[in-house]
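Dumped final_8.cif below, it's mmCIF, C-alpha atoms and all ligand atoms:
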data_coords
#
loop_
_atom_site.label_atom_id
_atom_site.label_comp_id
_atom_site.auth_asym_id
_atom_site.auth_seq_id
_atom_site.Cartn_x
_atom_site.Cartn_y
_atom_site.Cartn_z
CA MET A 491 -2.48 5.73 42.45
CA THR A 492 -0.75 8.85 41.14
CA ARG A 493 0.44 9.55 44.68
CA ALA A 494 1.54 5.92 45.09
CA ARG A 495 3.46 5.98 41.81
CA ARG A 496 5.46 8.95 43.02
CA VAL A 497 7.02 6.91 45.80
CA ILE A 498 6.54 3.23 44.93
CA PRO A 499 7.59 1.60 41.61
CA GLY A 500 4.39 1.28 39.60
CA GLY A 501 2.50 2.28 42.74
CA VAL A 502 2.51 -1.35 43.89
CA ASN A 503 4.65 -3.45 46.17
CA SER A 504 4.46 -6.49 43.91
CA PRO A 505 4.04 -6.30 40.11
CA VAL A 506 1.07 -8.71 39.99
CA ARG A 507 -1.05 -6.10 41.77
CA ALA A 508 -0.81 -3.58 38.94
CA TYR A 509 -3.49 -3.49 36.25
CA GLY A 510 -1.10 -2.89 33.33
CA SER A 511 -2.14 -5.94 31.35
CA VAL A 512 -5.90 -5.55 31.91
CA GLY A 513 -6.15 -1.77 31.77
CA GLY A 514 -7.68 0.51 34.36
CA VAL A 515 -6.41 1.25 37.82
CA ALA A 516 -6.22 -1.19 40.71
CA PRO A 517 -8.68 -0.32 43.48
CA PHE A 518 -7.06 0.61 46.78
CA ILE A 519 -8.44 -1.73 49.39
CA GLU A 520 -9.55 -0.31 52.69
CA ARG A 521 -10.75 -3.43 54.48
CA GLY A 522 -11.96 -6.98 54.08
CA LYS A 523 -14.64 -9.03 55.80
CA GLY A 524 -15.35 -12.67 55.02
CA ALA A 525 -15.52 -13.15 51.25
CA ARG A 526 -15.61 -9.39 50.55
CA VAL A 527 -13.13 -6.58 50.11
CA ILE A 528 -14.16 -2.93 50.23
CA ASP A 529 -12.13 -0.25 48.46
CA VAL A 530 -11.43 3.29 49.62
CA ASP A 531 -14.37 4.58 47.55
CA GLY A 532 -16.73 2.25 49.38
CA ASN A 533 -17.16 -0.25 46.49
CA GLU A 534 -17.65 -3.80 47.70
CA TYR A 535 -16.33 -6.82 45.78
CA ILE A 536 -16.69 -10.57 46.11
CA ASP A 537 -13.04 -11.54 46.40
CA TYR A 538 -11.46 -14.50 44.59
CA VAL A 539 -7.87 -13.30 45.07
CA GLY A 540 -7.76 -13.87 48.83
CA SER A 541 -4.46 -11.99 49.11
CA TRP A 542 -3.14 -14.36 46.37
CA GLY A 543 -4.01 -17.47 48.31
CA PRO A 544 -3.41 -17.18 52.06
CA LEU A 545 -6.93 -16.19 53.10
CA ILE A 546 -8.59 -19.58 52.85
CA LEU A 547 -10.82 -18.62 55.82
CA GLY A 548 -11.73 -15.27 54.29
CA HIS A 549 -10.85 -11.78 55.48
CA ALA A 550 -10.64 -10.81 59.13
CA ASN A 551 -11.54 -14.29 60.36
CA PRO A 552 -12.50 -13.76 64.03
CA GLY A 553 -10.47 -16.73 65.30
CA VAL A 554 -7.34 -15.63 63.43
CA LEU A 555 -7.71 -12.06 64.68
CA ARG A 556 -8.12 -13.33 68.25
CA ALA A 557 -5.03 -15.52 67.98
CA VAL A 558 -2.91 -12.69 66.55
CA ARG A 559 -4.12 -10.23 69.22
CA LYS A 560 -3.26 -12.73 71.94
CA ALA A 561 0.22 -13.28 70.53
CA MET A 562 0.75 -9.54 69.98
CA ALA A 563 -0.01 -8.75 73.60
CA ARG A 564 3.10 -10.73 74.54
CA GLY A 565 5.39 -8.92 72.10
CA THR A 566 5.90 -8.92 68.36
CA SER A 567 9.27 -10.58 67.80
CA PHE A 568 12.03 -12.13 69.88
CA GLY A 569 14.56 -13.62 67.51
CA ALA A 570 14.62 -16.55 69.92
CA PRO A 571 12.81 -19.90 70.06
CA THR A 572 9.11 -19.73 71.02
CA GLU A 573 6.66 -22.52 71.74
CA ILE A 574 4.25 -21.52 68.99
CA GLU A 575 6.88 -22.18 66.28
CA VAL A 576 7.11 -25.74 67.52
CA GLU A 577 3.31 -26.09 67.53
CA LEU A 578 3.04 -24.95 63.91
CA ALA A 579 5.96 -27.17 62.88
CA GLU A 580 4.26 -30.14 64.58
CA ALA A 581 0.98 -29.39 62.79
CA ILE A 582 2.77 -29.25 59.43
CA CYS A 583 4.68 -32.50 60.04
CA ARG A 584 1.44 -34.19 61.11
CA ALA A 585 -0.35 -33.06 57.96
CA LEU A 586 2.33 -33.69 55.33
CA PRO A 587 3.43 -37.31 55.14
CA SER A 588 6.78 -36.42 53.54
CA VAL A 589 7.81 -33.80 56.08
CA ASP A 590 9.69 -34.94 59.19
CA ARG A 591 11.28 -31.58 59.93
CA VAL A 592 10.46 -28.10 58.82
CA ARG A 593 12.22 -24.71 58.92
CA MET A 594 10.14 -21.52 59.03
CA VAL A 595 11.01 -18.60 56.75
CA SER A 596 9.11 -15.44 55.85
CA SER A 597 8.17 -15.78 52.17
CA GLY A 598 7.65 -18.37 49.46
CA THR A 599 10.69 -17.02 47.66
CA GLU A 600 12.85 -17.76 50.67
CA ALA A 601 11.37 -21.24 50.92
CA THR A 602 12.19 -22.22 47.32
CA MET A 603 15.59 -20.52 47.42
CA SER A 604 16.49 -22.44 50.57
CA ALA A 605 15.13 -25.75 49.27
CA ILE A 606 17.23 -25.65 46.12
CA ARG A 607 20.29 -24.67 48.13
CA LEU A 608 19.69 -27.68 50.36
CA ALA A 609 19.16 -29.95 47.34
CA ARG A 610 22.46 -28.79 45.86
CA GLY A 611 24.19 -29.13 49.21
CA VAL A 612 23.12 -32.71 49.85
CA THR A 613 23.48 -34.06 46.32
CA GLY A 614 26.68 -32.23 45.44
CA ARG A 615 25.07 -31.43 42.07
CA ASP A 616 24.33 -28.00 40.62
CA ARG A 617 21.59 -28.20 38.00
CA ILE A 618 17.92 -27.70 38.83
CA LEU A 619 15.05 -28.60 36.52
CA LYS A 620 11.97 -26.37 36.53
CA PHE A 621 8.88 -26.26 34.35
CA ASP A 622 7.87 -23.52 31.91
CA GLY A 623 5.14 -21.36 33.38
CA CYS A 624 5.80 -22.45 36.95
CA TYR A 625 6.74 -19.62 39.28
CA HIS A 626 8.76 -20.14 42.41
CA GLY A 627 9.20 -16.60 43.67
CA HIS A 628 11.80 -14.14 42.48
CA VAL A 629 14.85 -16.31 43.15
CA ASP A 630 17.51 -15.34 40.56
CA SER A 631 18.08 -18.83 39.21
CA LEU A 632 14.35 -19.56 38.95
CA LEU A 633 13.37 -16.46 36.97
CA VAL A 634 13.45 -18.33 33.67
CA GLY A 635 10.33 -19.37 31.80
CA ALA A 636 8.52 -18.09 34.88
CA GLY A 637 4.78 -17.64 35.23
CA SER A 638 2.83 -15.16 37.37
CA GLY A 639 3.93 -11.51 37.02
CA VAL A 640 6.83 -12.44 34.72
CA ALA A 641 4.36 -14.01 32.26
CA THR A 642 1.84 -11.21 32.71
CA LEU A 643 4.45 -8.59 31.86
CA GLY A 644 5.68 -10.79 29.01
CA ILE A 645 9.32 -10.59 30.01
CA PRO A 646 11.51 -13.62 29.25
CA GLY A 647 13.65 -13.20 32.36
CA SER A 648 14.88 -10.22 34.27
CA PRO A 649 17.75 -7.80 33.78
CA GLY A 650 19.87 -7.95 36.88
CA VAL A 651 19.97 -11.74 36.83
CA PRO A 652 23.40 -12.64 35.43
CA GLU A 653 23.35 -15.42 32.84
CA ALA A 654 25.63 -17.39 35.11
CA MET A 655 22.78 -17.59 37.64
CA THR A 656 20.40 -19.27 35.19
CA GLU A 657 22.90 -21.40 33.27
CA LEU A 658 22.29 -24.23 35.69
CA THR A 659 18.50 -24.05 35.37
CA VAL A 660 17.05 -26.59 32.98
CA GLN A 661 13.53 -26.03 31.63
CA ALA A 662 10.90 -28.52 30.54
CA PRO A 663 7.25 -28.17 29.50
CA TYR A 664 4.73 -28.91 32.27
CA ASN A 665 3.13 -32.36 32.05
CA ASP A 666 5.92 -33.59 29.74
CA LEU A 667 7.69 -36.56 31.30
CA ASP A 668 9.62 -37.30 28.11
CA ALA A 669 11.29 -33.90 28.31
CA VAL A 670 12.30 -34.61 31.90
CA GLU A 671 13.69 -37.98 30.91
CA ASP A 672 15.66 -36.29 28.12
CA ALA A 673 17.12 -33.82 30.61
CA PHE A 674 18.29 -36.66 32.85
CA ARG A 675 19.83 -38.31 29.78
CA ARG A 676 21.56 -35.11 28.74
CA TRP A 677 22.93 -34.28 32.18
CA PRO A 678 23.41 -37.63 33.93
CA ASP A 679 24.46 -37.13 37.57
CA GLU A 680 24.15 -33.36 37.26
CA LEU A 681 20.55 -32.62 38.25
CA ALA A 682 20.26 -31.90 41.95
CA ALA A 683 16.49 -31.54 41.89
CA VAL A 684 13.29 -31.33 39.92
CA LEU A 685 11.21 -28.45 41.25
CA VAL A 686 7.51 -28.41 40.42
CA GLU A 687 4.22 -26.83 41.39
CA PRO A 688 2.23 -30.06 41.79
CA VAL A 689 -0.78 -28.11 40.56
CA ALA A 690 0.45 -25.17 38.52
CA GLY A 691 -1.12 -21.94 39.69
CA ASN A 692 1.04 -19.29 38.07
CA MET A 693 0.19 -19.87 34.39
CA GLY A 694 -3.47 -19.85 35.27
CA CYS A 695 -4.46 -23.08 36.95
CA VAL A 696 -3.14 -26.19 35.17
CA LEU A 697 -3.68 -29.64 36.64
CA PRO A 698 -1.05 -32.38 36.60
CA GLU A 699 -2.09 -35.11 34.19
CA PRO A 700 -2.57 -38.57 35.68
CA GLY A 701 0.86 -40.12 36.19
CA PHE A 702 2.86 -36.89 35.78
CA LEU A 703 3.77 -36.41 39.44
CA GLN A 704 4.26 -40.15 39.95
CA GLY A 705 6.53 -40.17 36.87
CA LEU A 706 8.61 -37.34 38.31
CA ARG A 707 8.93 -39.28 41.55
CA GLU A 708 10.21 -42.35 39.71
CA LEU A 709 12.64 -40.42 37.51
CA CYS A 710 14.11 -38.52 40.46
CA THR A 711 14.55 -41.70 42.47
CA ARG A 712 16.12 -43.50 39.52
CA HIS A 713 18.61 -40.70 38.83
CA GLY A 714 19.47 -39.73 42.40
CA ALA A 715 17.88 -36.27 42.20
CA LEU A 716 15.54 -34.77 44.78
CA LEU A 717 11.91 -34.07 44.00
CA ILE A 718 10.84 -30.71 45.40
CA PHE A 719 7.17 -29.81 45.52
CA ASP A 720 6.55 -26.08 45.59
CA GLU A 721 3.33 -26.18 47.58
CA VAL A 722 3.39 -22.50 48.44
CA MET A 723 0.06 -22.21 46.66
CA THR A 724 -1.32 -25.75 46.95
CA GLY A 725 -0.30 -26.50 50.55
CA PHE A 726 -3.46 -26.71 52.69
CA ARG A 727 -5.30 -25.21 49.69
CA VAL A 728 -6.10 -28.24 47.51
CA ALA A 729 -6.45 -30.59 50.50
CA TRP A 730 -5.38 -30.95 54.10
CA GLY A 731 -1.71 -31.83 53.61
CA GLY A 732 -1.65 -30.30 50.13
CA ALA A 733 -1.21 -31.77 46.68
CA GLN A 734 1.15 -34.49 47.88
CA ARG A 735 -1.63 -35.95 49.98
CA ARG A 736 -4.25 -35.49 47.31
CA TYR A 737 -2.15 -37.12 44.55
CA ARG A 738 -0.34 -39.54 46.89
CA VAL A 739 3.19 -38.66 45.82
CA LYS A 740 5.95 -38.16 48.36
CA PRO A 741 8.44 -35.44 47.45
CA ASP A 742 11.82 -35.23 49.16
CA LEU A 743 11.41 -31.58 50.03
CA THR A 744 8.34 -29.34 50.21
CA CYS A 745 8.00 -25.56 50.12
CA LEU A 746 5.04 -23.97 51.87
CA GLY A 747 3.74 -20.43 52.22
CA LYS A 748 0.47 -18.51 51.89
CA VAL A 749 -2.08 -20.58 53.94
CA VAL A 750 0.52 -21.66 56.55
CA GLY A 751 0.96 -17.98 57.43
CA GLY A 752 -2.79 -17.36 57.75
CA GLY A 753 -2.41 -13.97 56.01
CA LEU A 754 0.78 -12.92 57.79
CA PRO A 755 4.28 -13.28 56.36
CA ALA A 756 5.27 -16.88 57.01
CA ALA A 757 6.49 -19.70 54.80
CA ALA A 758 8.45 -22.88 55.33
CA TYR A 759 10.48 -25.66 53.74
CA GLY A 760 10.76 -29.15 55.05
CA GLY A 761 11.24 -32.78 54.21
CA ARG A 762 12.94 -36.00 55.16
CA ARG A 763 14.86 -36.05 58.41
CA ASP A 764 18.19 -37.03 56.79
CA LEU A 765 17.93 -34.10 54.36
CA MET A 766 16.79 -31.50 56.87
CA LYS A 767 19.64 -32.59 59.17
CA GLN A 768 21.95 -30.92 56.70
CA VAL A 769 20.44 -27.49 57.46
CA ALA A 770 22.46 -25.25 59.81
CA PRO A 771 23.00 -25.49 62.74
CA ASP A 772 22.56 -29.30 62.52
CA GLY A 773 24.44 -29.39 59.23
CA PRO A 774 26.49 -27.19 56.92
CA VAL A 775 23.79 -25.77 54.57
CA TYR A 776 23.32 -22.22 55.77
CA GLN A 777 20.01 -20.38 55.89
CA ALA A 778 18.75 -17.81 58.39
CA GLY A 779 16.21 -15.01 59.00
CA THR A 780 15.63 -12.36 61.67
CA LEU A 781 11.83 -12.64 61.50
CA SER A 782 11.66 -16.38 60.70
CA GLY A 783 9.07 -18.03 62.93
CA ASN A 784 7.63 -14.65 63.89
CA PRO A 785 5.12 -15.25 66.71
CA LEU A 786 2.28 -13.24 65.14
CA ALA A 787 2.62 -15.10 61.85
CA MET A 788 2.86 -18.43 63.68
CA ALA A 789 -0.32 -17.63 65.62
CA ALA A 790 -2.23 -16.77 62.43
CA GLY A 791 -0.96 -19.88 60.66
CA LEU A 792 -1.66 -22.23 63.56
CA GLU A 793 -5.20 -20.95 64.08
CA THR A 794 -5.84 -21.26 60.33
CA LEU A 795 -4.70 -24.88 60.34
CA HIS A 796 -6.81 -25.63 63.44
CA GLN A 797 -9.92 -24.35 61.68
CA LEU A 798 -9.07 -26.22 58.48
CA GLU A 799 -8.57 -29.51 60.31
CA LYS A 800 -12.23 -29.66 61.36
CA PRO A 801 -14.24 -32.38 59.59
CA GLY A 802 -15.96 -31.36 56.38
CA VAL A 803 -14.07 -28.11 55.78
CA TYR A 804 -12.30 -29.21 52.59
CA GLU A 805 -15.37 -31.01 51.27
CA GLY A 806 -17.36 -27.77 51.60
CA LEU A 807 -14.62 -25.71 50.03
CA ALA A 808 -14.20 -28.11 47.12
CA ALA A 809 -17.96 -28.23 46.50
CA ARG A 810 -18.17 -24.44 46.32
CA THR A 811 -15.15 -24.22 44.01
CA GLN A 812 -16.57 -26.94 41.77
CA ARG A 813 -19.89 -25.11 41.55
CA LEU A 814 -18.08 -21.95 40.51
CA ALA A 815 -15.82 -23.54 37.88
CA GLU A 816 -18.53 -25.73 36.38
CA GLY A 817 -20.96 -22.83 36.49
CA LEU A 818 -18.51 -20.66 34.56
CA GLU A 819 -18.13 -23.30 31.85
CA ALA A 820 -21.89 -23.72 31.61
CA ARG A 821 -22.49 -19.97 31.35
CA ALA A 822 -19.78 -19.72 28.67
CA ARG A 823 -21.47 -22.51 26.68
CA ASP A 824 -24.78 -20.63 26.94
CA GLU A 825 -23.12 -17.50 25.58
CA GLY A 826 -21.24 -19.39 22.85
CA VAL A 827 -17.81 -18.53 24.28
CA GLU A 828 -14.95 -21.03 24.22
CA LEU A 829 -13.81 -21.35 27.83
CA CYS A 830 -12.34 -24.18 29.86
CA ALA A 831 -12.26 -24.10 33.65
CA VAL A 832 -10.53 -26.35 36.15
CA HIS A 833 -10.79 -26.66 39.91
CA VAL A 834 -9.11 -28.61 42.67
CA GLY A 835 -9.88 -28.16 46.36
CA GLY A 836 -10.24 -24.42 46.92
CA MET A 837 -8.35 -23.38 43.79
CA PHE A 838 -9.66 -22.76 40.27
CA GLY A 839 -8.72 -21.29 36.93
CA PHE A 840 -10.25 -20.60 33.55
CA PHE A 841 -8.94 -19.94 30.07
CA PHE A 842 -10.63 -18.43 27.04
CA HIS A 843 -9.52 -21.49 25.14
CA PRO A 844 -11.41 -24.66 24.11
CA GLY A 845 -9.02 -26.72 26.27
CA PRO A 846 -7.48 -28.82 27.48
CA VAL A 847 -4.71 -26.57 28.76
CA ARG A 848 -1.84 -28.77 29.90
CA SER A 849 1.20 -26.51 29.52
CA PHE A 850 2.38 -22.90 29.44
CA ASP A 851 2.35 -23.00 25.62
CA ASP A 852 -1.34 -23.93 25.72
CA ALA A 853 -2.06 -21.24 28.34
CA LYS A 854 -0.45 -18.59 26.17
CA LYS A 855 -2.84 -19.46 23.33
CA ALA A 856 -5.88 -18.37 25.35
CA HIS A 857 -7.74 -15.29 24.08
CA ALA A 858 -6.17 -12.30 25.85
CA GLY A 859 -8.70 -9.71 24.66
CA ARG A 860 -11.64 -11.74 25.95
CA PHE A 861 -9.95 -12.12 29.31
CA ARG A 862 -9.44 -8.35 29.54
CA LYS A 863 -13.08 -7.60 28.73
CA PHE A 864 -14.33 -10.31 31.08
CA PHE A 865 -12.10 -9.09 33.90
CA ALA A 866 -13.16 -5.44 33.51
CA THR A 867 -16.86 -6.30 33.41
CA MET A 868 -16.58 -8.55 36.46
CA LEU A 869 -14.85 -5.77 38.37
CA ASP A 870 -17.63 -3.35 37.41
CA GLU A 871 -20.09 -5.97 38.60
CA GLY A 872 -18.36 -6.21 41.98
CA VAL A 873 -16.33 -9.38 41.46
CA TYR A 874 -12.63 -9.15 42.24
CA LEU A 875 -10.46 -11.54 40.19
CA ALA A 876 -6.69 -11.63 39.71
CA PRO A 877 -5.81 -9.10 36.98
CA SER A 878 -4.07 -11.64 34.75
CA PRO A 879 -4.92 -14.87 32.92
CA PHE A 880 -1.67 -16.27 34.36
CA GLU A 881 -2.96 -16.52 37.91
CA ALA A 882 -5.25 -18.91 39.78
CA GLY A 883 -8.44 -18.02 41.64
CA PHE A 884 -9.18 -18.88 45.26
CA VAL A 885 -12.40 -19.67 47.07
CA SER A 886 -12.57 -19.36 50.85
CA THR A 887 -14.69 -20.97 53.53
CA ALA A 888 -16.36 -17.55 53.87
CA HIS A 889 -17.89 -17.64 50.37
CA ARG A 890 -21.62 -18.29 50.69
CA PRO A 891 -23.90 -19.88 48.06
CA GLY A 892 -25.36 -16.41 47.41
CA ASP A 893 -21.87 -15.08 46.55
CA LEU A 894 -21.46 -17.81 43.96
CA THR A 895 -24.90 -17.17 42.48
CA ARG A 896 -24.12 -13.46 42.18
CA THR A 897 -20.72 -14.22 40.66
CA LEU A 898 -22.19 -16.54 38.04
CA GLU A 899 -24.91 -14.06 37.13
CA ALA A 900 -22.25 -11.39 36.67
CA ALA A 901 -20.20 -13.88 34.65
CA SER A 902 -23.06 -14.35 32.16
CA ARG A 903 -23.12 -10.62 31.47
CA ALA A 904 -19.31 -10.42 31.33
CA LEU A 905 -19.13 -13.40 28.96
CA ARG A 906 -21.71 -11.81 26.67
CA ARG A 907 -19.48 -8.74 26.40
CA ALA A 908 -16.31 -10.82 26.07
CA ALA A 909 -17.90 -12.78 23.22
CA ARG A 910 -18.00 -9.61 21.15
CA THR A 911 -14.23 -9.07 21.60
CA ARG A 912 -12.26 -10.17 18.59
CA GLY A 913 -8.69 -8.90 19.10
N1 LIG B 1 2.40 -16.15 43.92
C1 LIG B 1 1.73 -14.90 43.81
C2 LIG B 1 1.29 -14.66 42.42
N2 LIG B 1 1.03 -15.80 41.71
C3 LIG B 1 2.63 -13.88 44.29
C4 LIG B 1 1.94 -12.67 44.71
C5 LIG B 1 2.82 -11.51 44.46
O1 LIG B 1 3.77 -11.59 43.68
O2 LIG B 1 2.49 -10.48 45.05
#

Rendering of file as structure tokens:
Amino acid sequence: MTRARRVIPGGVNSPVRAYGSVGGVAPFIERGKGARVIDVDGNEYIDYVGSWGPLILGHANPGVLRAVRKAMARGTSFGAPTEIEVELAEAICRALPSVDRVRMVSSGTEATMSAIRLARGVTGRDRILKFDGCYHGHVDSLLVGAGSGVATLGIPGSPGVPEAMTELTVQAPYNDLDAVEDAFRRWPDELAAVLVEPVAGNMGCVLPEPGFLQGLRELCTRHGALLIFDEVMTGFRVAWGGAQRRYRVKPDLTCLGKVVGGGLPAAAYGGRRDLMKQVAPDGPVYQAGTLSGNPLAMAAGLETLHQLEKPGVYEGLAARTQRLAEGLEARARDEGVELCAVHVGGMFGFFFHPGPVRSFDDAKKAHAGRFRKFFATMLDEGVYLAPSPFEAGFVSTAHRPGDLTRTLEAASRALRRAARTRG
């Protein structure tokens, strides 16, 4: 890490990877296989980070490796249309009821940035509403009240983002429809879009309360604003077709990333035909990318979706995730520790808090010291969790019942130690 810090800010290529808020030094990973990662010192960990979400099939999935090798043999990038981009786009449109057309990009940040540009372009309005604790990548105008690394580092925004860039960003508490209604009242005909993580995964994991997403849909329709689901994390993670399919709410635009790239850099935004027709070259809203639709990333994403589409995959994934989350709560009860855990599909989260946690304000009240102790003990025990309470956890199809048993046994010991932490 000392060597890394000499040439890379903080020694990491994304702040969430650093262990500043939990103490200690991040292990350098040498390789991954299935549900495990192995560090350069040969320590093996059961992995619940999954590269922050993409690796729903686990590490080095043989089918994904085969597909990437096959694509690679033909060349790595053309900057020209390829058949595999169309195949992945077709798979996405088939899976997501709200998406008629989709444009590939290379990161979730690009997807949200492009979606809000499109929303502004088609509505002719400038304001965007986002929710406290939701994180939509490092887009200038969305770095307010942001979760993930911004919350972990405890910074309110970021120097380098001029105030003018965030003036048009309106914030509301997650799960608070009244606040959204107030915003529409305050800025009638000014809100271009409401942007939301349909399951929040960047303030820990926070579920939408019944009626919240439906309420957003109604308010947006009533006020002529677009509803944008940021499904970078939830897309193909909480269900085939993502949160919109699970909760039966149709957004106007959807952002995807992580799982759709199968562990390679790919993301996407898409939506209704009439809206996507406004994207260049069909329409005037400009957006472009040299490596967009990269054939290796498309191959990894397509193979991942093919494997996920098989019957029973999501049921198995959800059952494993449920066992883990419920097991954690049960072990915490046994150890007399206040902890609430949630799970949906292959995604979970837990807070050292009696619960329920329904907003960023609630999430921030969780016991930070207990999380730190729990995290450090789990790492010692060979369980690799995200190094922040403001992140979600991910289970893959490669996690076996024995992995979960081992994890829960380690959790009992870690909870016992966390229970003794006061500060
Ligand atoms: N969405 C991820 C964290 N919640 C981003 C990963 C990163 O910043 O590296």

Discussion item. Report as a list in words all protein, DNA and RNA residues lying within 10 Å of Val589 of chain A, evaluated on all atoms listed in the file, omitting residues in the same chain fewer than 5 positions from it.
Written reply: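 Returned residues: Ala579, Glu580, Ile582, Cys583, Arg584, Lys740, Pro741, Asp742, Leu743, Thr744, Tyr759, Gly760, Gly761, Arg762, Arg763 and Met766 of chain A.
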
Worksheet entry | atom CA of Gly623 of chain A to atom CA of Leu905 of chain A, distance in Å rounded to a single decimal | 25.9 Å

Discussion item. I'd like the contact shell of Ile606 of chain A - 10 Å cut-off, all atoms listed in the file, skipping same-chain residues fewer than 5 positions apart - returned as a ChimeraX atom specification.
Written reply: /A:601,611-612,616-618,631-632,682-685,716,718,743

Mind writing the picked residues with C-alpha atoms as a PDB file, in the coordinates of the input?
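result.pdb, written as the output of this step:
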ATOM      1  CA  ALA A 601      11.370 -21.240  50.920  1.00  0.00           C
ATOM      2  CA  GLY A 611      24.190 -29.130  49.210  1.00  0.00           C
ATOM      3  CA  VAL A 612      23.120 -32.710  49.850  1.00  0.00           C
ATOM      4  CA  ASP A 616      24.330 -28.000  40.620  1.00  0.00           C
ATOM      5  CA  ARG A 617      21.590 -28.200  38.000  1.00  0.00           C
ATOM      6  CA  ILE A 618      17.920 -27.700  38.830  1.00  0.00           C
ATOM      7  CA  SER A 631      18.080 -18.830  39.210  1.00  0.00           C
ATOM      8  CA  LEU A 632      14.350 -19.560  38.950  1.00  0.00           C
ATOM      9  CA  ALA A 682      20.260 -31.900  41.950  1.00  0.00           C
ATOM     10  CA  ALA A 683      16.490 -31.540  41.890  1.00  0.00           C
ATOM     11  CA  VAL A 684      13.290 -31.330  39.920  1.00  0.00           C
ATOM     12  CA  LEU A 685      11.210 -28.450  41.250  1.00  0.00           C
ATOM     13  CA  LEU A 716      15.540 -34.770  44.780  1.00  0.00           C
ATOM     14  CA  ILE A 718      10.840 -30.710  45.400  1.00  0.00           C
ATOM     15  CA  LEU A 743      11.410 -31.580  50.030  1.00  0.00           C
TER      16      LEU A 743
END

Calculate, to one decimal in Å, the centre and edge lengths of the box along x, y and z of the file that holds all listed atoms of ligand LIG 1 (chain B) with 3 Å of margin on each side, and present them as lines of an AutoDock Vina configuration file.
center_x = 2.4
center_y = -13.3
center_z = 43.4
size_x = 8.7
size_y = 11.7
size_z = 9.3

Worksheet entry | Test item: residues lying within 7 Å of ligand LIG 1 (chain B) with all atoms listed in the file, as a list in words | Ser504, Pro505, Val506, Arg507, Trp542, Gly627, Ser638, Gly639, Gly691, Asn692 and Glu881 of chain A

Worksheet entry | Proximity to Val834 of chain A - best of A:Val686, A:Ala888, A:Ala758, A:Ala882, all atoms listed in the file |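 Between A:Val686, A:Ala888, A:Ala758, A:Ala882, the residue approaching Val834 of chain A most closely is A:Ala882.
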
Practice prompt. Figure out the distance between atom CA of Phe840 of chain A and atom CA of Leu869 of chain A, please, to one decimal in Å.
Written response: 16.3 Å

Discussion item. Please determine, counting all atoms listed in the file, which residue among A:Leu586, A:Lys560, A:Ala909, A:Glu799 has the shortest atom-to-atom distance to Glu828 of chain A.
Written reply: A:Ala909

Worksheet entry | Distance of atom CA of Val554 of chain A from atom CA of Ser878 of chain A, expressed in Å to one decimal place |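 Value for the atom CA of Ser878 of chain A-atom CA of Val554 of chain A distance: 29.1 Å.
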
Discussion item. Just want the 9 Å neighbourhood of Glu687 of chain A, counted on all atoms listed in the file, with same-chain residues fewer than 6 positions away dropped. Output as a VMD selection string.
Written reply: chain A and resid 621 624 to 626 718 to 724

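The shell of residues at most 7 Å from Pro755 of chain A, with only C-alpha atoms counted and near chain neighbours (fewer than 3 positions) removed, consists of Ser596, Ser597, Gly751 and Ala787 of chain A.
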